Amino acid sequence: MKNIIIAGPSRTGKSTLAKRINDELGYFAIALDKLVATFGGAYPQLDIRLNWDREKTTDNLAPFLGHFLGMFSSADGCGLLPYSHGAVNGNRFVMEGGYFDFDKIAPILKTYGINKLKDSFLLIGLVQSKKTVGELVSDFKKYDTESDWTYGFSDDDLREISEDVISYSRFMTDHLTKYGFTIYDISNDRDQVLDSIVNDIKTKLEL
């Protein structure tokens, strides 16, 4: 069975979906936000920081992600490459986040024998391209908890973030489509869309 990558802008349900996959399918969930925070604390000289300069963070994180994904996933997703002998057959992970630049990651994966992402991973893209800025601001204010980085932001700050989310959703839709991701728009009926994604995954994995 293949490992899973969930990519998309902030607040599109990536963490929620990864938790569902962990609970229902037993995949170990890896959050890119936590990796970014770890790099930021341990290696500040690498300029990999959370909620700072997304483009620079994404660029600087790409080599690590390329080698991580290549090391732990062979062409059939089982981690059986000669130099990934530490991987355990049967171990599976789902990695979710927004800091993916596959233009930089893909060439690194080729050195591990992974020529096409879709041949080695289940690829899921989550976007919100149908919501207005006002609707996103309302969602932030309604659903934010203290664990969310946008918690307590002013309406003006939330509006600026929402404008970025919409713009980035359009960019990510094009970028992820280029690399074979199945795109799901969770602008409406989010819970139903997430249910359908889990069912799609089970079908693709023949579970």
# chains A, B, ... in the order shown; residues from 1 in each chain; ligands from 1
$ residues_around --residues "A:Phe64" --least-positions-apart "3" --cutoff "12 Å" --atoms "only C-alpha atoms" --output "ChimeraX atom specification"
/A:32,35-36,39,46,48,57-61,67-71,99-101,104-106,108-109
$ select_by_dssp --residues "chain A" --states "helix (DSSP H, G or I)" --output "PyMOL selection string"
chain A and resi 14-25+32-42+44-46+54-72+82-84+102-110+117-120+133-143+155-178+190-204
$ select_by_dssp --residues "stretch 56-207 of chain A" --states "strand (DSSP E)" --output "ChimeraX atom specification"
/A:93-97,121-127,182-185
$ atom_distance --atom1 "atom CA of A:Trp52" --atom2 "atom CA of A:Lys141"
21.6 Å
$ residues_around --residues "A:Arg11" --least-positions-apart "5" --cutoff "10 Å" --atoms "only C-alpha atoms" --output "PDB file with all heavy atoms, in the first residue's frame"
ATOM      1  N   THR A  16      -7.393  17.523   9.960  1.00  0.00           N
ATOM      2  CA  THR A  16      -8.589  16.734  10.289  1.00  0.00           C
ATOM      3  C   THR A  16      -8.632  15.461   9.455  1.00  0.00           C
ATOM      4  O   THR A  16      -8.918  14.366   9.968  1.00  0.00           O
ATOM      5  CB  THR A  16      -9.860  17.562  10.037  1.00  0.00           C
ATOM      6  OG1 THR A  16      -9.818  18.744  10.846  1.00  0.00           O
ATOM      7  CG2 THR A  16     -11.106  16.765  10.367  1.00  0.00           C
ATOM      8  N   GLY A  98       1.137  22.525   3.968  1.00  0.00           N
ATOM      9  CA  GLY A  98       1.065  23.475   2.870  1.00  0.00           C
ATOM     10  C   GLY A  98       2.408  23.886   2.319  1.00  0.00           C
ATOM     11  O   GLY A  98       2.489  24.653   1.358  1.00  0.00           O
ATOM     12  N   LEU A 126      -6.357  19.593  -1.041  1.00  0.00           N
ATOM     13  CA  LEU A 126      -7.524  20.241  -0.450  1.00  0.00           C
ATOM     14  C   LEU A 126      -7.441  21.742  -0.682  1.00  0.00           C
ATOM     15  O   LEU A 126      -6.417  22.363  -0.381  1.00  0.00           O
ATOM     16  CB  LEU A 126      -7.601  19.957   1.052  1.00  0.00           C
ATOM     17  CG  LEU A 126      -7.720  18.494   1.485  1.00  0.00           C
ATOM     18  CD1 LEU A 126      -7.853  18.402   3.000  1.00  0.00           C
ATOM     19  CD2 LEU A 126      -8.908  17.819   0.818  1.00  0.00           C
ATOM     20  N   VAL A 127      -8.510  22.323  -1.204  1.00  0.00           N
ATOM     21  CA  VAL A 127      -8.522  23.760  -1.472  1.00  0.00           C
ATOM     22  C   VAL A 127      -9.883  24.344  -1.069  1.00  0.00           C
ATOM     23  O   VAL A 127     -10.849  23.615  -0.837  1.00  0.00           O
ATOM     24  CB  VAL A 127      -8.264  24.080  -2.964  1.00  0.00           C
ATOM     25  CG1 VAL A 127      -6.898  23.572  -3.382  1.00  0.00           C
ATOM     26  CG2 VAL A 127      -9.351  23.481  -3.853  1.00  0.00           C
ATOM     27  N   GLN A 128      -9.908  25.667  -0.943  1.00  0.00           N
ATOM     28  CA  GLN A 128     -11.157  26.405  -0.752  1.00  0.00           C
ATOM     29  C   GLN A 128     -11.174  27.536  -1.769  1.00  0.00           C
ATOM     30  O   GLN A 128     -10.730  28.630  -1.484  1.00  0.00           O
ATOM     31  CB  GLN A 128     -11.242  27.002   0.650  1.00  0.00           C
ATOM     32  CG  GLN A 128     -11.471  26.006   1.758  1.00  0.00           C
ATOM     33  CD  GLN A 128     -11.894  26.671   3.046  1.00  0.00           C
ATOM     34  OE1 GLN A 128     -13.069  26.909   3.282  1.00  0.00           O
ATOM     35  NE2 GLN A 128     -10.930  26.975   3.889  1.00  0.00           N
ATOM     36  N   LEU A 136     -14.716  33.318   4.672  1.00  0.00           N
ATOM     37  CA  LEU A 136     -13.558  32.758   5.358  1.00  0.00           C
ATOM     38  C   LEU A 136     -13.320  33.449   6.690  1.00  0.00           C
ATOM     39  O   LEU A 136     -12.992  32.793   7.689  1.00  0.00           O
ATOM     40  CB  LEU A 136     -12.321  32.874   4.471  1.00  0.00           C
ATOM     41  CG  LEU A 136     -12.217  31.867   3.327  1.00  0.00           C
ATOM     42  CD1 LEU A 136     -11.015  32.188   2.440  1.00  0.00           C
ATOM     43  CD2 LEU A 136     -12.097  30.449   3.861  1.00  0.00           C
ATOM     44  N   ASP A 139     -15.627  32.024   9.112  1.00  0.00           N
ATOM     45  CA  ASP A 139     -15.196  30.681   9.526  1.00  0.00           C
ATOM     46  C   ASP A 139     -14.098  30.757  10.580  1.00  0.00           C
ATOM     47  O   ASP A 139     -14.105  30.009  11.569  1.00  0.00           O
ATOM     48  CB  ASP A 139     -14.692  29.886   8.317  1.00  0.00           C
ATOM     49  CG  ASP A 139     -15.821  29.402   7.428  1.00  0.00           C
ATOM     50  OD1 ASP A 139     -16.994  29.514   7.837  1.00  0.00           O
ATOM     51  OD2 ASP A 139     -15.526  28.926   6.313  1.00  0.00           O
ATOM     52  N   PHE A 140     -13.119  31.646  10.355  1.00  0.00           N
ATOM     53  CA  PHE A 140     -12.047  31.812  11.340  1.00  0.00           C
ATOM     54  C   PHE A 140     -12.633  32.158  12.705  1.00  0.00           C
ATOM     55  O   PHE A 140     -12.257  31.570  13.725  1.00  0.00           O
ATOM     56  CB  PHE A 140     -11.083  32.922  10.904  1.00  0.00           C
ATOM     57  CG  PHE A 140     -10.093  32.520   9.857  1.00  0.00           C
ATOM     58  CD1 PHE A 140      -9.967  33.244   8.682  1.00  0.00           C
ATOM     59  CD2 PHE A 140      -9.260  31.429  10.039  1.00  0.00           C
ATOM     60  CE1 PHE A 140      -9.041  32.888   7.711  1.00  0.00           C
ATOM     61  CE2 PHE A 140      -8.335  31.050   9.076  1.00  0.00           C
ATOM     62  CZ  PHE A 140      -8.229  31.787   7.915  1.00  0.00           C
ATOM     63  N   ASP A 144     -12.192  28.939  15.137  1.00  0.00           N
ATOM     64  CA  ASP A 144     -10.859  29.015  15.738  1.00  0.00           C
ATOM     65  C   ASP A 144     -10.879  28.628  17.214  1.00  0.00           C
ATOM     66  O   ASP A 144     -11.795  29.003  17.956  1.00  0.00           O
ATOM     67  CB  ASP A 144     -10.294  30.433  15.609  1.00  0.00           C
ATOM     68  CG  ASP A 144      -9.413  30.605  14.393  1.00  0.00           C
ATOM     69  OD1 ASP A 144      -9.343  29.669  13.582  1.00  0.00           O
ATOM     70  OD2 ASP A 144      -8.812  31.678  14.236  1.00  0.00           O
ATOM     71  N   ASP A 148      -5.189  27.243  17.302  1.00  0.00           N
ATOM     72  CA  ASP A 148      -5.040  27.743  15.931  1.00  0.00           C
ATOM     73  C   ASP A 148      -4.209  29.021  15.930  1.00  0.00           C
ATOM     74  O   ASP A 148      -4.406  29.906  16.768  1.00  0.00           O
ATOM     75  CB  ASP A 148      -6.409  28.030  15.305  1.00  0.00           C
ATOM     76  CG  ASP A 148      -7.208  26.756  15.069  1.00  0.00           C
ATOM     77  OD1 ASP A 148      -6.662  25.819  14.472  1.00  0.00           O
ATOM     78  OD2 ASP A 148      -8.385  26.710  15.493  1.00  0.00           O
ATOM     79  N   THR A 150      -4.294  31.503  14.103  1.00  0.00           N
ATOM     80  CA  THR A 150      -5.053  32.714  13.802  1.00  0.00           C
ATOM     81  C   THR A 150      -5.975  33.136  14.950  1.00  0.00           C
ATOM     82  O   THR A 150      -6.707  34.119  14.823  1.00  0.00           O
ATOM     83  CB  THR A 150      -5.900  32.503  12.541  1.00  0.00           C
ATOM     84  OG1 THR A 150      -6.627  31.267  12.668  1.00  0.00           O
ATOM     85  CG2 THR A 150      -5.024  32.437  11.299  1.00  0.00           C
ATOM     86  N   SER A 162      -7.381  35.703   4.758  1.00  0.00           N
ATOM     87  CA  SER A 162      -8.390  35.078   3.894  1.00  0.00           C
ATOM     88  C   SER A 162      -8.117  35.367   2.426  1.00  0.00           C
ATOM     89  O   SER A 162      -8.278  34.489   1.570  1.00  0.00           O
ATOM     90  CB  SER A 162      -9.786  35.567   4.281  1.00  0.00           C
ATOM     91  OG  SER A 162     -10.106  35.179   5.608  1.00  0.00           O
ATOM     92  N   VAL A 165      -5.410  33.075   1.454  1.00  0.00           N
ATOM     93  CA  VAL A 165      -5.888  31.691   1.335  1.00  0.00           C
ATOM     94  C   VAL A 165      -6.545  31.468  -0.028  1.00  0.00           C
ATOM     95  O   VAL A 165      -6.295  30.460  -0.698  1.00  0.00           O
ATOM     96  CB  VAL A 165      -6.879  31.350   2.474  1.00  0.00           C
ATOM     97  CG1 VAL A 165      -7.623  30.046   2.168  1.00  0.00           C
ATOM     98  CG2 VAL A 165      -6.146  31.224   3.796  1.00  0.00           C
ATOM     99  N   ILE A 186     -13.251  21.962  -0.454  1.00  0.00           N
ATOM    100  CA  ILE A 186     -14.038  21.784   0.764  1.00  0.00           C
ATOM    101  C   ILE A 186     -14.754  23.080   1.157  1.00  0.00           C
ATOM    102  O   ILE A 186     -15.108  23.260   2.327  1.00  0.00           O
ATOM    103  CB  ILE A 186     -13.150  21.253   1.912  1.00  0.00           C
ATOM    104  CG1 ILE A 186     -11.964  22.172   2.198  1.00  0.00           C
ATOM    105  CG2 ILE A 186     -12.639  19.865   1.587  1.00  0.00           C
ATOM    106  CD1 ILE A 186     -12.196  23.184   3.229  1.00  0.00           C
TER     107      ILE A 186
END
$ residues_around --residues "A:Gly13" --least-positions-apart "3" --cutoff "12 Å" --atoms "only C-alpha atoms" --output "PyMOL selection string"
chain A and resi 6-10+16-20+96-98+124-128+143+184-195+197
$ write_last_selection --atoms "N, CA and C atoms" --output "compact mmCIF listing (two decimals), in the first residue's frame"
# COMPACT_ATOMS: atom_id res chain seq x y z
N ILE A 6 -1.14 14.79 1.74
CA ILE A 6 -2.25 15.73 1.69
C ILE A 6 -1.66 17.13 1.65
N ALA A 7 -1.95 17.87 0.59
CA ALA A 7 -1.37 19.20 0.42
C ALA A 7 -2.46 20.22 0.17
N GLY A 8 -2.18 21.47 0.55
CA GLY A 8 -3.13 22.54 0.31
C GLY A 8 -2.88 23.72 1.21
N PRO A 9 -3.61 24.81 1.02
CA PRO A 9 -3.45 26.01 1.83
C PRO A 9 -3.89 25.79 3.27
N SER A 10 -3.68 26.80 4.09
CA SER A 10 -4.10 26.74 5.49
C SER A 10 -5.61 26.59 5.60
N THR A 16 -7.39 17.52 9.96
CA THR A 16 -8.59 16.73 10.29
C THR A 16 -8.63 15.46 9.45
N LEU A 17 -8.33 15.58 8.17
CA LEU A 17 -8.33 14.42 7.29
C LEU A 17 -7.23 13.44 7.68
N ALA A 18 -6.05 13.94 7.99
CA ALA A 18 -4.95 13.07 8.40
C ALA A 18 -5.30 12.29 9.67
N LYS A 19 -5.99 12.96 10.59
CA LYS A 19 -6.41 12.27 11.82
C LYS A 19 -7.43 11.18 11.50
N ARG A 20 -8.33 11.46 10.58
CA ARG A 20 -9.31 10.45 10.17
C ARG A 20 -8.59 9.23 9.58
N GLU A 96 0.82 15.70 5.89
CA GLU A 96 -0.08 16.78 5.49
C GLU A 96 0.57 18.13 5.76
N GLY A 97 0.29 19.09 4.85
CA GLY A 97 0.80 20.43 5.06
C GLY A 97 0.68 21.30 3.83
N GLY A 98 1.14 22.53 3.97
CA GLY A 98 1.07 23.48 2.87
C GLY A 98 2.41 23.89 2.32
N ILE A 124 -3.56 13.80 -2.43
CA ILE A 124 -4.82 14.47 -2.14
C ILE A 124 -4.57 15.96 -1.97
N GLY A 125 -5.26 16.77 -2.76
CA GLY A 125 -5.16 18.21 -2.64
C GLY A 125 -6.45 18.79 -2.09
N LEU A 126 -6.36 19.59 -1.04
CA LEU A 126 -7.52 20.24 -0.45
C LEU A 126 -7.44 21.74 -0.68
N VAL A 127 -8.51 22.32 -1.20
CA VAL A 127 -8.52 23.76 -1.47
C VAL A 127 -9.88 24.34 -1.07
N GLN A 128 -9.91 25.67 -0.94
CA GLN A 128 -11.16 26.40 -0.75
C GLN A 128 -11.17 27.54 -1.77
N TYR A 143 -14.80 29.04 14.13
CA TYR A 143 -14.21 27.74 14.42
C TYR A 143 -12.84 27.79 15.08
N TYR A 184 -9.81 18.19 -4.13
CA TYR A 184 -11.12 18.26 -3.49
C TYR A 184 -11.33 19.67 -2.95
N ASP A 185 -12.44 20.29 -3.32
CA ASP A 185 -12.77 21.62 -2.82
C ASP A 185 -13.70 21.47 -1.62
N ILE A 186 -13.25 21.96 -0.45
CA ILE A 186 -14.04 21.78 0.76
C ILE A 186 -14.75 23.08 1.16
N SER A 187 -14.98 23.95 0.18
CA SER A 187 -15.65 25.22 0.46
C SER A 187 -17.03 25.00 1.07
N ASN A 188 -17.71 23.98 0.62
CA ASN A 188 -19.06 23.68 1.10
C ASN A 188 -19.16 22.21 1.53
N ASP A 189 -19.99 21.97 2.53
CA ASP A 189 -20.23 20.58 3.00
C ASP A 189 -18.92 19.88 3.33
N ARG A 190 -18.09 20.55 4.12
CA ARG A 190 -16.75 20.04 4.41
C ARG A 190 -16.76 18.62 4.96
N ASP A 191 -17.61 18.35 5.94
CA ASP A 191 -17.62 17.01 6.55
C ASP A 191 -17.98 15.94 5.53
N GLN A 192 -18.92 16.24 4.65
CA GLN A 192 -19.31 15.26 3.62
C GLN A 192 -18.17 15.03 2.64
N VAL A 193 -17.45 16.11 2.30
CA VAL A 193 -16.32 15.96 1.38
C VAL A 193 -15.23 15.11 2.02
N LEU A 194 -14.94 15.35 3.30
CA LEU A 194 -13.92 14.55 3.98
C LEU A 194 -14.34 13.09 4.06
N ASP A 195 -15.63 12.84 4.29
CA ASP A 195 -16.12 11.45 4.29
C ASP A 195 -15.88 10.80 2.94
N ILE A 197 -13.63 11.55 0.74
CA ILE A 197 -12.19 11.34 0.51
C ILE A 197 -11.74 10.05 1.19
$ residues_around --residues "A:Leu205" --least-positions-apart "6" --cutoff "10 Å" --atoms "only C-alpha atoms" --output "list in words"
Met1, Lys2, Leu122 and Asn199 of chain A
$ write_last_selection --atoms "N, CA, C and O atoms" --output "short mmCIF file (atom, residue, chain, number, x, y, z; two decimals), in the first residue's frame"
data_model
loop_
_atom_site.label_atom_id
_atom_site.label_comp_id
_atom_site.auth_asym_id
_atom_site.auth_seq_id
_atom_site.Cartn_x
_atom_site.Cartn_y
_atom_site.Cartn_z
N MET A 1 0.83 -1.20 0.00
CA MET A 1 0.00 0.00 0.00
C MET A 1 0.87 1.25 0.00
O MET A 1 1.99 1.24 0.50
N LYS A 2 0.33 2.31 -0.55
CA LYS A 2 1.09 3.54 -0.71
C LYS A 2 0.97 4.46 0.50
O LYS A 2 -0.04 4.44 1.21
N LEU A 122 -0.48 8.11 -2.69
CA LEU A 122 -1.83 8.62 -2.92
C LEU A 122 -1.77 10.12 -2.69
O LEU A 122 -1.30 10.57 -1.65
N ASN A 199 -13.50 7.46 1.91
CA ASN A 199 -14.06 6.35 1.13
C ASN A 199 -13.28 6.14 -0.17
O ASN A 199 -13.03 4.99 -0.58
#
$ closest_residue --among "A:Ile166, A:Ala29, A:Ile183, A:Leu207" --to "A:Lys131" --atoms "only C-alpha atoms"
A:Ile166
$ closest_residue --among "A:Glu24, A:Arg49, A:Ser73, A:Gly180" --to "A:Ser120" --atoms "only C-alpha atoms"
A:Ser73
$ atom_distance --atom1 "atom CA of A:Glu55" --atom2 "atom CA of A:Lys178"
18.5 Å
$ atom_distance --atom1 "atom CA of A:Val133" --atom2 "atom CA of A:Thr182"
24.5 Å
$ closest_residue --among "A:Ser15, A:Asn91, A:Thr38, A:Thr132" --to "A:Arg159" --atoms "only C-alpha atoms"
A:Thr132
$ closest_residue --among "A:Ser196, A:Tyr179, A:Lys130, A:Ile21" --to "A:Lys118" --atoms "only C-alpha atoms"
A:Tyr179
$ decode --residues "stretch 180-192 of chain A" --atoms "C-alpha atoms" --output "PDB file, in the first residue's frame"
ATOM      1  CA  GLY A 180      -1.255  14.219 -10.345  1.00  0.00           C
ATOM      2  CA  PHE A 181      -3.104  15.187  -7.167  1.00  0.00           C
ATOM      3  CA  THR A 182      -6.819  14.561  -6.898  1.00  0.00           C
ATOM      4  CA  ILE A 183      -8.246  17.964  -5.946  1.00  0.00           C
ATOM      5  CA  TYR A 184     -11.121  18.257  -3.485  1.00  0.00           C
ATOM      6  CA  ASP A 185     -12.771  21.621  -2.820  1.00  0.00           C
ATOM      7  CA  ILE A 186     -14.038  21.784   0.764  1.00  0.00           C
ATOM      8  CA  SER A 187     -15.650  25.216   0.463  1.00  0.00           C
ATOM      9  CA  ASN A 188     -19.063  23.679   1.104  1.00  0.00           C
ATOM     10  CA  ASP A 189     -20.231  20.585   2.995  1.00  0.00           C
ATOM     11  CA  ARG A 190     -16.748  20.041   4.407  1.00  0.00           C
ATOM     12  CA  ASP A 191     -17.622  17.013   6.551  1.00  0.00           C
ATOM     13  CA  GLN A 192     -19.307  15.265   3.625  1.00  0.00           C
TER      14      GLN A 192
END
